[in-house]
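Below is the file target-v7.csv, which contains CSV, C-alpha atoms and all ligand atoms.
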chain,number,residue,atom,x,y,z
U,142,MET,CA,-30.0,19.9,10.9
U,143,THR,CA,-32.0,17.2,9.1
U,144,LEU,CA,-29.7,14.8,7.2
U,145,ARG,CA,-30.8,13.6,3.8
U,146,PRO,CA,-30.6,9.9,3.0
U,147,VAL,CA,-28.2,9.1,0.2
U,148,ARG,CA,-28.4,6.3,-2.4
U,149,ILE,CA,-26.2,4.8,-5.1
U,150,ALA,CA,-27.7,5.9,-8.5
U,151,GLY,CA,-25.2,4.0,-10.7
U,152,THR,CA,-22.2,1.8,-10.7
U,153,GLY,CA,-19.4,1.1,-13.2
U,154,SER,CA,-16.1,-0.7,-13.6
U,155,TYR,CA,-13.3,-1.2,-16.0
U,156,LEU,CA,-10.6,-3.9,-16.3
U,157,PRO,CA,-7.6,-3.6,-18.6
U,158,GLU,CA,-7.6,-6.1,-21.4
U,159,LYS,CA,-4.3,-7.9,-20.7
U,160,VAL,CA,-4.8,-11.1,-18.6
U,161,LEU,CA,-1.8,-12.4,-16.6
U,162,THR,CA,-2.4,-16.0,-15.6
U,163,ASN,CA,-0.9,-18.0,-12.7
U,164,GLN,CA,0.9,-20.2,-15.4
U,165,GLU,CA,2.5,-17.1,-16.8
U,166,LEU,CA,3.7,-16.1,-13.3
U,167,GLU,CA,5.4,-19.5,-13.0
U,168,LYS,CA,7.8,-18.2,-15.7
U,169,LEU,CA,8.6,-15.0,-13.7
U,170,VAL,CA,9.1,-16.3,-10.1
U,171,GLU,CA,9.4,-19.7,-8.3
U,172,THR,CA,5.7,-20.4,-7.8
U,173,SER,CA,2.9,-22.6,-9.1
U,174,ASP,CA,-0.7,-22.3,-10.1
U,175,GLU,CA,-1.5,-24.8,-7.5
U,176,TRP,CA,0.2,-22.8,-4.7
U,177,ILE,CA,-1.5,-19.5,-5.7
U,178,ARG,CA,-5.0,-21.0,-6.1
U,179,SER,CA,-4.9,-23.0,-2.9
U,180,ARG,CA,-3.5,-20.1,-0.8
U,181,THR,CA,-5.5,-17.3,-2.3
U,182,GLY,CA,-8.2,-18.5,-4.8
U,183,ILE,CA,-6.6,-16.3,-7.5
U,184,ARG,CA,-6.3,-17.7,-11.1
U,185,GLU,CA,-5.5,-14.6,-13.1
U,186,ARG,CA,-5.3,-10.8,-12.9
U,187,ARG,CA,-5.5,-7.9,-15.3
U,188,ILE,CA,-2.5,-5.7,-16.2
U,189,ALA,CA,-2.8,-2.2,-17.5
U,190,ALA,CA,-1.1,-1.3,-20.8
U,191,GLU,CA,2.1,0.7,-20.6
U,192,GLY,CA,0.5,4.0,-21.5
U,193,GLU,CA,-2.7,3.3,-19.5
U,194,PHE,CA,-2.6,5.0,-16.2
U,195,THR,CA,-4.7,4.8,-13.0
U,196,SER,CA,-6.7,7.9,-14.2
U,197,ASP,CA,-7.5,6.2,-17.5
U,198,LEU,CA,-8.9,3.1,-15.7
U,199,ALA,CA,-10.8,5.4,-13.3
U,200,THR,CA,-12.3,7.5,-16.1
U,201,LYS,CA,-13.6,4.5,-18.0
U,202,ALA,CA,-15.2,3.1,-14.8
U,203,ALA,CA,-16.6,6.5,-14.0
U,204,ARG,CA,-18.2,6.9,-17.5
U,205,ASN,CA,-20.0,3.6,-17.0
U,206,ALA,CA,-21.3,4.6,-13.6
U,207,LEU,CA,-22.5,8.1,-14.9
U,208,GLU,CA,-24.3,6.5,-17.8
U,209,GLN,CA,-26.1,4.1,-15.5
U,210,ALA,CA,-27.0,7.0,-13.2
U,211,GLY,CA,-28.2,9.1,-16.1
U,212,ILE,CA,-25.9,12.0,-15.0
U,213,GLU,CA,-23.7,14.1,-17.4
U,214,PRO,CA,-20.1,14.7,-16.4
U,215,SER,CA,-20.9,18.4,-16.4
U,216,GLU,CA,-23.4,17.9,-13.6
U,217,ILE,CA,-21.0,16.2,-11.2
U,218,GLU,CA,-20.1,18.3,-8.1
U,219,LEU,CA,-17.5,16.2,-6.4
U,220,ILE,CA,-15.0,13.5,-7.6
U,221,ILE,CA,-13.1,11.4,-5.0
U,222,VAL,CA,-10.6,8.9,-6.3
U,223,ALA,CA,-9.4,6.3,-3.8
U,224,THR,CA,-6.0,5.0,-4.8
U,225,ILE,CA,-2.6,4.1,-3.6
U,226,THR,CA,-1.2,4.1,-7.1
U,227,PRO,CA,-1.8,7.7,-8.3
U,228,ASP,CA,-0.7,8.8,-11.7
U,229,THR,CA,1.6,11.3,-10.0
U,230,LEU,CA,2.2,12.2,-6.3
U,231,THR,CA,0.7,15.5,-7.1
U,232,PRO,CA,-1.7,16.6,-8.5
U,233,ALA,CA,-4.4,14.2,-7.4
U,234,THR,CA,-5.5,11.5,-9.8
U,235,ALA,CA,-9.0,12.9,-9.4
U,236,CYS,CA,-7.8,16.1,-11.2
U,237,TYR,CA,-6.8,14.0,-14.2
U,238,VAL,CA,-10.1,12.2,-14.1
U,239,GLN,CA,-12.0,15.5,-13.9
U,240,GLU,CA,-10.2,16.7,-17.0
U,241,LYS,CA,-10.7,13.4,-18.9
U,242,LEU,CA,-14.4,13.4,-18.1
U,243,GLY,CA,-14.9,17.1,-18.8
U,244,ALA,CA,-16.5,17.4,-15.3
U,245,ASP,CA,-15.6,21.1,-15.0
U,246,ARG,CA,-17.9,21.8,-12.1
U,247,ALA,CA,-16.5,19.1,-9.8
U,248,VAL,CA,-14.2,19.6,-6.9
U,249,ALA,CA,-11.8,16.7,-7.2
U,250,PHE,CA,-9.3,15.1,-4.8
U,251,ASP,CA,-7.8,11.7,-3.8
U,252,ILE,CA,-7.9,9.8,-0.6
U,253,SER,CA,-5.3,7.2,0.4
U,254,ALA,CA,-6.8,4.5,2.6
U,255,ALA,CA,-5.5,1.5,0.6
U,256,CYS,CA,-8.1,-1.3,0.1
U,257,SER,CA,-10.6,0.5,2.3
U,258,GLY,CA,-10.4,3.6,0.2
U,259,PHE,CA,-13.6,3.2,-1.9
U,260,LEU,CA,-15.7,2.8,1.3
U,261,TYR,CA,-13.9,5.8,2.9
U,262,ALA,CA,-14.8,7.8,-0.2
U,263,MET,CA,-18.3,6.6,0.0
U,264,GLU,CA,-18.7,7.8,3.6
U,265,MET,CA,-17.1,11.2,2.8
U,266,ALA,CA,-19.4,11.7,-0.2
U,267,ARG,CA,-22.4,10.5,1.7
U,268,SER,CA,-21.8,12.9,4.6
U,269,LEU,CA,-21.5,15.9,2.2
U,270,ILE,CA,-24.7,15.0,0.3
U,271,ALA,CA,-26.5,14.2,3.5
U,272,ALA,CA,-25.7,17.6,5.0
U,273,GLY,CA,-27.0,19.3,1.8
U,274,GLY,CA,-23.6,20.8,0.7
U,275,ILE,CA,-23.7,19.0,-2.7
U,276,GLN,CA,-26.3,17.3,-4.9
U,277,ASN,CA,-24.2,14.4,-6.2
U,278,ALA,CA,-20.8,12.8,-6.1
U,279,LEU,CA,-18.7,10.4,-8.2
U,280,ILE,CA,-16.6,8.1,-6.2
U,281,VAL,CA,-13.9,5.9,-7.8
U,282,GLY,CA,-11.6,3.2,-6.6
U,283,ALA,CA,-8.8,2.8,-9.1
U,284,GLU,CA,-5.4,1.1,-9.1
U,285,LYS,CA,-2.5,0.3,-11.4
U,286,LEU,CA,-0.8,-1.9,-8.8
U,287,SER,CA,1.3,-3.5,-11.5
U,288,ALA,CA,3.5,-0.4,-11.5
U,289,PHE,CA,4.2,-0.8,-7.8
U,290,VAL,CA,4.8,-4.5,-7.5
U,291,ASN,CA,8.2,-6.1,-7.3
U,292,TRP,CA,7.9,-8.7,-10.1
U,293,SER,CA,10.8,-10.7,-8.6
U,294,ASP,CA,9.1,-11.1,-5.1
U,295,ARG,CA,6.8,-14.1,-5.1
U,296,ASN,CA,5.4,-13.2,-1.7
U,297,THR,CA,3.5,-10.2,-3.3
U,298,CYS,CA,3.6,-10.2,-7.1
U,299,VAL,CA,1.1,-13.1,-7.4
U,300,LEU,CA,-1.5,-11.3,-5.3
U,301,PHE,CA,-2.3,-8.0,-7.0
U,302,GLY,CA,-3.9,-6.7,-10.2
U,303,ASP,CA,-5.1,-3.5,-12.0
U,304,GLY,CA,-8.7,-2.2,-12.4
U,305,ALA,CA,-11.2,0.4,-11.4
U,306,GLY,CA,-14.8,0.7,-10.1
U,307,ALA,CA,-17.0,3.7,-9.6
U,308,ALA,CA,-20.3,4.7,-8.1
U,309,VAL,CA,-22.5,7.8,-8.3
U,310,LEU,CA,-24.2,9.0,-5.1
U,311,VAL,CA,-27.3,11.2,-5.0
U,312,PRO,CA,-30.0,12.2,-2.4
U,313,SER,CA,-32.5,9.4,-1.9
U,314,GLU,CA,-36.2,9.8,-2.5
U,315,ASN,CA,-38.5,9.0,0.4
U,316,GLY,CA,-38.7,5.3,1.2
U,317,GLY,CA,-36.2,4.4,-1.6
U,318,GLY,CA,-32.8,2.8,-1.3
U,319,ARG,CA,-30.2,4.4,0.9
U,320,ILE,CA,-26.9,3.9,2.6
U,321,LEU,CA,-28.1,2.8,6.1
U,322,ALA,CA,-24.9,2.8,8.1
U,323,SER,CA,-21.1,2.8,7.7
U,324,HIS,CA,-18.1,2.2,9.9
U,325,LEU,CA,-14.5,3.3,9.3
U,326,GLY,CA,-11.5,2.5,11.4
U,327,THR,CA,-7.7,2.9,11.4
U,328,ASP,CA,-4.8,1.4,13.4
U,329,GLY,CA,-1.7,3.5,12.6
U,330,ARG,CA,0.5,1.3,14.9
U,331,GLN,CA,0.6,-1.3,12.1
U,332,THR,CA,2.0,0.7,9.2
U,333,GLU,CA,4.9,-1.6,8.8
U,334,LEU,CA,2.8,-4.7,8.0
U,335,LEU,CA,1.8,-3.5,4.5
U,336,ASN,CA,3.4,-0.5,2.8
U,337,ILE,CA,5.4,1.0,-0.1
U,338,PRO,CA,8.4,2.1,1.8
U,339,GLY,CA,10.2,4.2,-0.8
U,340,GLY,CA,9.3,7.0,-3.1
U,341,GLY,CA,7.9,9.3,-0.4
U,342,SER,CA,9.6,12.0,1.6
U,343,CYS,CA,11.0,9.6,4.2
U,344,CYS,CA,12.8,7.5,1.5
U,345,PRO,CA,13.2,9.2,-1.8
U,346,ILE,CA,14.4,6.9,-4.7
U,347,THR,CA,18.1,7.9,-5.4
U,348,ILE,CA,20.9,6.5,-7.6
U,349,ASP,CA,22.2,4.8,-4.4
U,350,ASN,CA,19.0,2.8,-3.6
U,351,ALA,CA,17.6,2.5,-7.1
U,352,GLU,CA,18.1,-1.2,-7.2
U,353,GLU,CA,16.5,-2.0,-3.9
U,354,ASN,CA,12.9,-1.9,-5.3
U,355,LEU,CA,11.8,0.3,-2.4
U,356,ALA,CA,8.9,1.9,-4.3
U,357,THR,CA,7.1,-1.5,-4.4
U,358,LEU,CA,4.6,-3.2,-2.1
U,359,ALA,CA,6.1,-4.9,1.0
U,360,MET,CA,4.0,-7.1,3.1
U,361,GLN,CA,4.0,-9.4,6.2
U,362,GLY,CA,1.4,-11.7,4.8
U,363,ARG,CA,0.6,-13.9,7.8
U,364,GLU,CA,0.1,-10.9,10.1
U,365,VAL,CA,-2.0,-9.0,7.6
U,366,PHE,CA,-4.2,-12.1,7.2
U,367,LYS,CA,-5.0,-12.3,11.0
U,368,HIS,CA,-5.7,-8.6,11.2
U,369,ALA,CA,-7.9,-8.7,8.1
U,370,VAL,CA,-10.1,-11.4,9.4
U,371,ASN,CA,-10.7,-9.7,12.8
U,372,ALA,CA,-11.1,-6.2,11.5
U,373,MET,CA,-13.5,-7.1,8.7
U,374,ARG,CA,-15.6,-9.2,11.0
U,375,ARG,CA,-15.9,-6.4,13.6
U,376,ALA,CA,-16.5,-3.8,10.9
U,377,SER,CA,-19.3,-6.0,9.4
U,378,GLU,CA,-21.0,-6.5,12.8
U,379,HIS,CA,-20.8,-2.7,13.4
U,380,ALA,CA,-22.5,-1.7,10.1
U,381,ILE,CA,-25.1,-4.4,10.4
U,382,GLU,CA,-26.0,-3.4,14.0
U,383,SER,CA,-25.9,0.3,13.3
U,384,ALA,CA,-28.3,-0.3,10.4
U,385,GLY,CA,-30.7,-2.0,12.9
U,386,LEU,CA,-30.3,-5.3,11.0
U,387,SER,CA,-29.1,-8.8,11.9
U,388,ALA,CA,-26.8,-11.1,9.8
U,389,GLU,CA,-29.8,-13.0,8.4
U,390,ASP,CA,-31.3,-9.8,6.9
U,391,ILE,CA,-28.3,-9.4,4.6
U,392,ASP,CA,-29.0,-10.5,1.1
U,393,LEU,CA,-25.5,-10.1,-0.3
U,394,VAL,CA,-22.1,-9.5,1.2
U,395,ILE,CA,-19.5,-7.9,-1.1
U,396,PRO,CA,-16.2,-8.2,0.7
U,397,HIS,CA,-12.7,-6.9,-0.2
U,398,GLN,CA,-11.4,-9.3,-2.8
U,399,ALA,CA,-7.9,-10.1,-1.5
U,400,ASN,CA,-8.0,-13.8,-0.5
U,401,LEU,CA,-10.6,-16.5,-0.6
U,402,ARG,CA,-9.4,-17.9,2.8
U,403,ILE,CA,-9.9,-14.5,4.4
U,404,ILE,CA,-13.4,-14.2,3.0
U,405,ASP,CA,-14.3,-17.8,4.1
U,406,ALA,CA,-13.0,-17.0,7.6
U,407,ILE,CA,-15.2,-13.8,7.9
U,408,VAL,CA,-18.3,-15.5,6.5
U,409,ASP,CA,-17.9,-18.3,9.0
U,410,ARG,CA,-17.7,-15.9,11.9
U,411,LEU,CA,-20.6,-13.7,10.7
U,412,GLU,CA,-22.8,-16.8,10.1
U,413,VAL,CA,-23.8,-15.6,6.7
U,414,SER,CA,-24.5,-18.4,4.1
U,415,LYS,CA,-21.8,-18.7,1.5
U,416,ASP,CA,-24.2,-18.3,-1.4
U,417,LYS,CA,-24.8,-14.8,-0.2
U,418,VAL,CA,-21.2,-13.7,-0.7
U,419,PHE,CA,-20.0,-12.2,-4.0
U,420,ILE,CA,-16.6,-13.3,-5.1
U,421,ASN,CA,-14.7,-12.4,-8.3
U,422,LEU,CA,-11.1,-12.4,-7.0
U,423,GLU,CA,-10.2,-15.5,-9.1
U,424,LYS,CA,-10.4,-13.2,-12.2
U,425,TYR,CA,-8.7,-10.0,-10.9
U,426,GLY,CA,-6.6,-10.7,-7.8
U,427,ASN,CA,-6.4,-8.0,-5.2
U,428,THR,CA,-7.1,-4.6,-6.9
U,429,SER,CA,-6.9,-2.7,-3.6
U,430,ALA,CA,-9.2,0.4,-3.6
U,431,ALA,CA,-10.9,-0.9,-6.8
U,432,ALA,CA,-11.9,-4.3,-5.5
U,433,VAL,CA,-15.1,-3.6,-3.6
U,434,ALA,CA,-16.2,-1.1,-6.3
U,435,ILE,CA,-15.6,-3.6,-9.2
U,436,ALA,CA,-17.4,-6.3,-7.3
U,437,LEU,CA,-20.3,-4.0,-6.5
U,438,ASP,CA,-20.7,-3.1,-10.2
U,439,GLU,CA,-20.5,-6.8,-11.3
U,440,ALA,CA,-23.0,-7.9,-8.8
U,441,ASN,CA,-25.3,-5.0,-9.8
U,442,ARG,CA,-25.0,-5.6,-13.6
U,443,GLU,CA,-25.4,-9.4,-13.1
U,444,GLY,CA,-28.7,-8.8,-11.5
U,445,LYS,CA,-27.6,-10.1,-8.1
U,446,ILE,CA,-28.9,-7.1,-6.3
U,447,LYS,CA,-32.6,-6.3,-6.3
U,448,SER,CA,-34.5,-3.2,-5.2
U,449,GLY,CA,-35.0,-3.4,-1.5
U,450,ASP,CA,-32.1,-5.9,-0.9
U,451,HIS,CA,-29.8,-5.3,2.1
U,452,ILE,CA,-26.2,-5.5,1.1
U,453,LEU,CA,-23.0,-5.3,3.2
U,454,LEU,CA,-19.8,-3.9,1.8
U,455,VAL,CA,-16.6,-4.5,3.8
U,456,ALA,CA,-12.9,-3.9,3.2
U,457,PHE,CA,-9.5,-3.9,4.9
U,458,GLY,CA,-6.1,-2.7,3.9
U,459,ALA,CA,-2.8,-1.0,4.6
U,460,GLY,CA,-2.7,1.6,7.4
U,461,LEU,CA,-4.1,-0.5,8.8
U,462,THR,CA,-7.6,0.6,7.7
U,463,TRP,CA,-11.0,-1.1,7.6
U,464,ALA,CA,-14.4,0.0,6.5
U,465,SER,CA,-18.0,-1.3,6.0
U,466,ALA,CA,-21.3,-0.1,4.8
U,467,ALA,CA,-24.8,-1.5,5.1
U,468,ILE,CA,-27.0,-0.4,2.1
U,469,LYS,CA,-30.7,-0.8,1.3
U,470,TRP,CA,-30.7,-1.0,-2.5
U,501,LIG,N1,4.6,-19.4,-4.5
U,501,LIG,C1,5.1,-20.4,-3.8
U,501,LIG,N2,5.5,-20.3,-2.5
U,501,LIG,C2,5.4,-19.1,-1.9
U,501,LIG,C3,4.8,-18.0,-2.6
U,501,LIG,C4,4.4,-18.2,-3.9
U,501,LIG,N3,3.9,-17.2,-4.6
U,501,LIG,N4,4.8,-17.0,-1.7
U,501,LIG,C5,5.2,-17.4,-0.6
U,501,LIG,N5,5.6,-18.7,-0.7
U,501,LIG,C6,6.2,-19.5,0.3
U,501,LIG,C7,6.8,-18.8,1.5
U,501,LIG,O1,8.1,-18.3,1.1
U,501,LIG,C8,6.8,-19.8,2.6
U,501,LIG,O2,7.9,-20.6,2.4
U,501,LIG,P1,8.9,-21.0,3.6
U,501,LIG,O3,7.9,-21.8,4.5
U,501,LIG,O4,9.9,-21.9,3.0
U,501,LIG,O5,9.4,-19.8,4.2
U,501,LIG,C9,5.6,-20.6,2.3
U,501,LIG,O6,5.2,-20.3,0.9
U,501,LIG,C10,4.4,-20.4,3.2
U,501,LIG,O7,4.3,-19.0,3.4
U,501,LIG,P2,3.2,-18.5,4.4
U,501,LIG,O8,3.4,-17.0,4.6
U,501,LIG,O9,3.0,-19.4,5.5
U,501,LIG,O10,1.9,-18.7,3.5
U,501,LIG,P3,0.4,-18.3,3.8
U,501,LIG,O11,-0.4,-19.6,3.9
U,501,LIG,O12,0.3,-17.4,5.0
U,501,LIG,O13,0.0,-17.6,2.5
U,501,LIG,C11,-0.4,-15.3,1.8
U,501,LIG,C12,0.6,-16.4,2.1
U,501,LIG,C13,0.4,-14.0,1.4
U,501,LIG,C14,-1.2,-15.8,0.6
U,501,LIG,C15,-1.3,-15.1,3.0
U,501,LIG,O14,-0.5,-14.8,4.1
U,501,LIG,C16,-2.2,-13.9,2.8
U,501,LIG,O15,-3.1,-14.0,2.0
U,501,LIG,N6,-2.0,-12.8,3.6
U,501,LIG,C17,-2.9,-11.7,3.4
U,501,LIG,C18,-2.4,-10.9,2.2
U,501,LIG,C19,-3.4,-9.9,1.8
U,501,LIG,O16,-4.5,-10.2,1.5
U,501,LIG,N7,-2.9,-8.7,1.7
U,501,LIG,C20,-3.7,-7.6,1.3
U,501,LIG,C21,-4.6,-7.2,2.3
U,501,LIG,S1,-5.5,-5.9,1.8

Starting from the coordinates I provided, produce the structure as structure tokens.
Amino acid sequence: MTLRPVRIAGTGSYLPEKVLTNQELEKLVETSDEWIRSRTGIRERRIAAEGEFTSDLATKAARNALEQAGIEPSEIELIIVATITPDTLTPATACYVQEKLGADRAVAFDISAACSGFLYAMEMARSLIAAGGIQNALIVGAEKLSAFVNWSDRNTCVLFGDGAGAAVLVPSENGGGRILASHLGTDGRQTELLNIPGGGSCCPITIDNAEENLATLAMQGREVFKHAVNAMRRASEHAIESAGLSAEDIDLVIPHQANLRIIDAIVDRLEVSKDKVFINLEKYGNTSAAAVAIALDEANREGKIKSGDHILLVAFGAGLTWASAAIKW
């Protein structure tokens, strides 16, 4: 079977209006702007409004991507939403997005791969289009992490934010841009390093445990940091090599936006120059599955990616999971 090349036809993103600065966090927990900036690079993050759900953020980002791709919602055949903060445990957030967009034709489902989720979704959609099963796909990374953060835990609450990013994938014309290679990985032995322990079938929230904040993010920061650097470096090398490229061929690296120190460590090891790395985490914090998608859209709309450029996307998250993609734009 001949596999069709697949390209990104449009990108989009949406960030909620409300800004939460480090200075405002100083009033919530014992922290400081200086500590947060020096350890993470984050200055502020966005917080969704009370009645604004993950599917609302996803739908707005999706509309932007569809508009740029010149594709109507009614034409979309597949919607994958990557999220760890779904509107409801079931149905999938993608079902709400399908309804909000009016994308009646689309098959819609979620994937849960934490911060790597958008790149997992990209590879699922790419494979289906490449095999000829579908003509297009809308992939979205969307999170309302503010609903799953323990706002009294300074170890985690300063790190995360809300937002959504999206992309539309279609078959590529001959010689045009395409996804050249991707690499996905999982290490299920490390589930305890970063998780939301409660709210699932193993630990339902009850009257007895309601005050323990079990349905919020728990993390062993230092361990996660080490794994993140190693896994993202290896995933980057994999994608670059599988694409038949070398590090100097990469025009722009768009890494997961969790922590500036993690990004610096990867860039050093990859030997890519720092001016080729796109960073926006100072404005949004870690938006998990949305982070790479938002950064891709901002880089695209700011004119930082030109036709023919080679870009590298790389992410890492709970699971542990990691993922990368080398793309010719
Ligand atoms: N403000 C002030 N102090 C804080 C703090 C905050 N918001 N959060 C933690 N601290 C304290 C700790 O309690 C600790 O104090 P102690 O030494 O008295 O126990 C001290 O700062 C140092 O903590 P440490 O864990 O050594 O800090 P660090 O340099 O490893 O930075 C992280 C902490 C969380 C920023 C860092 O480990 C990290 O970025 N990890 C990866 C997180 C991540 O990206 N997760 C998502 C991956 S997808």

Around (2.4, -1.7, 7.8) in the file's own coordinates, what residues are found within 8 Å if you use all atoms listed in the file, given back as a PyMOL selection string?
chain U and resi 330-336+360+459-461

Those same residues, written as a PDB file, keeping the file's coordinate frame with C-alpha atoms?
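Result written to selection19.pdb:
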ATOM      1  CA  ARG U 330       0.500   1.300  14.900  1.00  0.00           C
ATOM      2  CA  GLN U 331       0.600  -1.300  12.100  1.00  0.00           C
ATOM      3  CA  THR U 332       2.000   0.700   9.200  1.00  0.00           C
ATOM      4  CA  GLU U 333       4.900  -1.600   8.800  1.00  0.00           C
ATOM      5  CA  LEU U 334       2.800  -4.700   8.000  1.00  0.00           C
ATOM      6  CA  LEU U 335       1.800  -3.500   4.500  1.00  0.00           C
ATOM      7  CA  ASN U 336       3.400  -0.500   2.800  1.00  0.00           C
ATOM      8  CA  MET U 360       4.000  -7.100   3.100  1.00  0.00           C
ATOM      9  CA  ALA U 459      -2.800  -1.000   4.600  1.00  0.00           C
ATOM     10  CA  GLY U 460      -2.700   1.600   7.400  1.00  0.00           C
ATOM     11  CA  LEU U 461      -4.100  -0.500   8.800  1.00  0.00           C
TER      12      LEU U 461
END

| message | Using only C-alpha atoms, can you tell me which of U:Thr297, U:Ser383, U:Thr347, U:Thr143 comes closest to Ala272 in chain U? | response |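 When distances to Ala272 in chain U are compared using only C-alpha atoms, the smallest one comes from U:Thr143.
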
- Message: What's around Pro157 in chain U at 12 Å? Count all atoms listed in the file, leave out sequence neighbours fewer than 6 positions away in its own chain, and write the answer as a list in words.
- Response: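 Residues near the query, excluding close chain neighbours: Arg186, Arg187, Ile188, Ala189, Ala190, Glu191, Gly192, Glu193, Phe194, Thr195, Asp197, Leu198, Ala199, Lys201, Ala202, Ala283, Glu284, Lys285, Ser287, Gly302, Asp303, Gly304, Ala305, Gly306, Lys424, Tyr425 and Thr428 of chain U.
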
request  = List the residues sitting within 12 Å of (-25.6, -6.3, -4.8) in the file's frame, using all atoms listed in the file, as a PyMOL selection string.
outcome  = chain U and resi 149+151-152+391-396+417-420+433-454+467-470

Determine, for each residue of chain U having at least one atom at most 9 Å from an atom of ligand LIG 501 (chain U), the closest pair of atoms and their separation in Å to one decimal, counting all atoms listed in the file; order by chain and ascending number, as CSV.
residue,atom,partner,partner_atom,distance
U:Leu166,CA,U:LIG501,N3,8.8
U:Glu167,CA,U:LIG501,N1,8.5
U:Val170,CA,U:LIG501,N3,7.6
U:Glu171,CA,U:LIG501,N1,6.1
U:Thr172,CA,U:LIG501,N1,3.6
U:Ser173,CA,U:LIG501,N1,5.9
U:Asp174,CA,U:LIG501,N1,8.2
U:Glu175,CA,U:LIG501,N1,8.7
U:Trp176,CA,U:LIG501,C1,5.5
U:Ile177,CA,U:LIG501,N3,6.0
U:Ser179,CA,U:LIG501,C14,8.8
U:Arg180,CA,U:LIG501,C14,5.1
U:Thr181,CA,U:LIG501,C14,5.4
U:Ala255,CA,U:LIG501,S1,7.5
U:Cys256,CA,U:LIG501,S1,5.6
U:Ser257,CA,U:LIG501,S1,8.2
U:Asp294,CA,U:LIG501,N3,8.0
U:Arg295,CA,U:LIG501,N3,4.3
U:Asn296,CA,U:LIG501,N4,3.8
U:Thr297,CA,U:LIG501,C13,6.8
U:Cys298,CA,U:LIG501,N3,7.4
U:Val299,CA,U:LIG501,N3,5.7
U:Leu300,CA,U:LIG501,C14,7.4
U:Phe301,CA,U:LIG501,C20,8.4
U:Leu335,CA,U:LIG501,N7,7.5
U:Met360,CA,U:LIG501,N7,7.2
U:Gln361,CA,U:LIG501,O14,7.3
U:Gly362,CA,U:LIG501,O14,3.7
U:Arg363,CA,U:LIG501,O14,4.0
U:Glu364,CA,U:LIG501,N6,7.1
U:Val365,CA,U:LIG501,C17,5.1
U:Phe366,CA,U:LIG501,C17,4.0
U:Lys367,CA,U:LIG501,C17,7.9
U:His368,CA,U:LIG501,C17,8.8
U:Ala369,CA,U:LIG501,C21,6.8
U:His397,CA,U:LIG501,S1,7.5
U:Gln398,CA,U:LIG501,O16,8.2
U:Ala399,CA,U:LIG501,O16,4.5
U:Asn400,CA,U:LIG501,O16,5.4
U:Leu401,CA,U:LIG501,O15,8.3
U:Arg402,CA,U:LIG501,O15,7.5
U:Ile403,CA,U:LIG501,O15,7.2
U:Asn427,CA,U:LIG501,C20,7.0
U:Thr428,CA,U:LIG501,S1,8.9
U:Ser429,CA,U:LIG501,S1,6.4
U:Ala456,CA,U:LIG501,S1,7.8
U:Phe457,CA,U:LIG501,S1,5.4
U:Gly458,CA,U:LIG501,S1,3.9
U:Ala459,CA,U:LIG501,S1,6.3
U:Leu461,CA,U:LIG501,S1,9.0

Hey, can I get the axis-aligned box for range 424-427 of chain U? All listed atoms, 5 Å padding on each side, centre and edge lengths in Å to one decimal, as JSON.
{"center_x": -8.4, "center_y": -10.6, "center_z": -8.7, "size_x": 14.0, "size_y": 15.2, "size_z": 17.0}

With distances taken over all atoms listed in the file, which residue among U:Ala432, U:Ile183, U:Ala223, U:Ala384 lies nearest Ala235 in chain U?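 That would be U:Ala223, the residue with the smallest distance to Ala235 in chain U.
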
request  = Would you mind listing what lies within 6 Å of Ile407 in chain U as a PyMOL selection string, with only C-alpha atoms counted and same-chain residues fewer than 3 positions away left out?
outcome  = chain U and resi 370+374+404+410

Tell me, in Å to one decimal, how far CA of Lys159 in chain U is from CA of Leu286 in chain U.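 It comes out at 13.8 Å.
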
Problem - Shell of 12 Å around Glu208 in chain U, all atoms listed in the file, local chain residues under 5 positions omitted, as a ChimeraX atom specification - result: /U:150-154,201-203,213-214,279,307-309
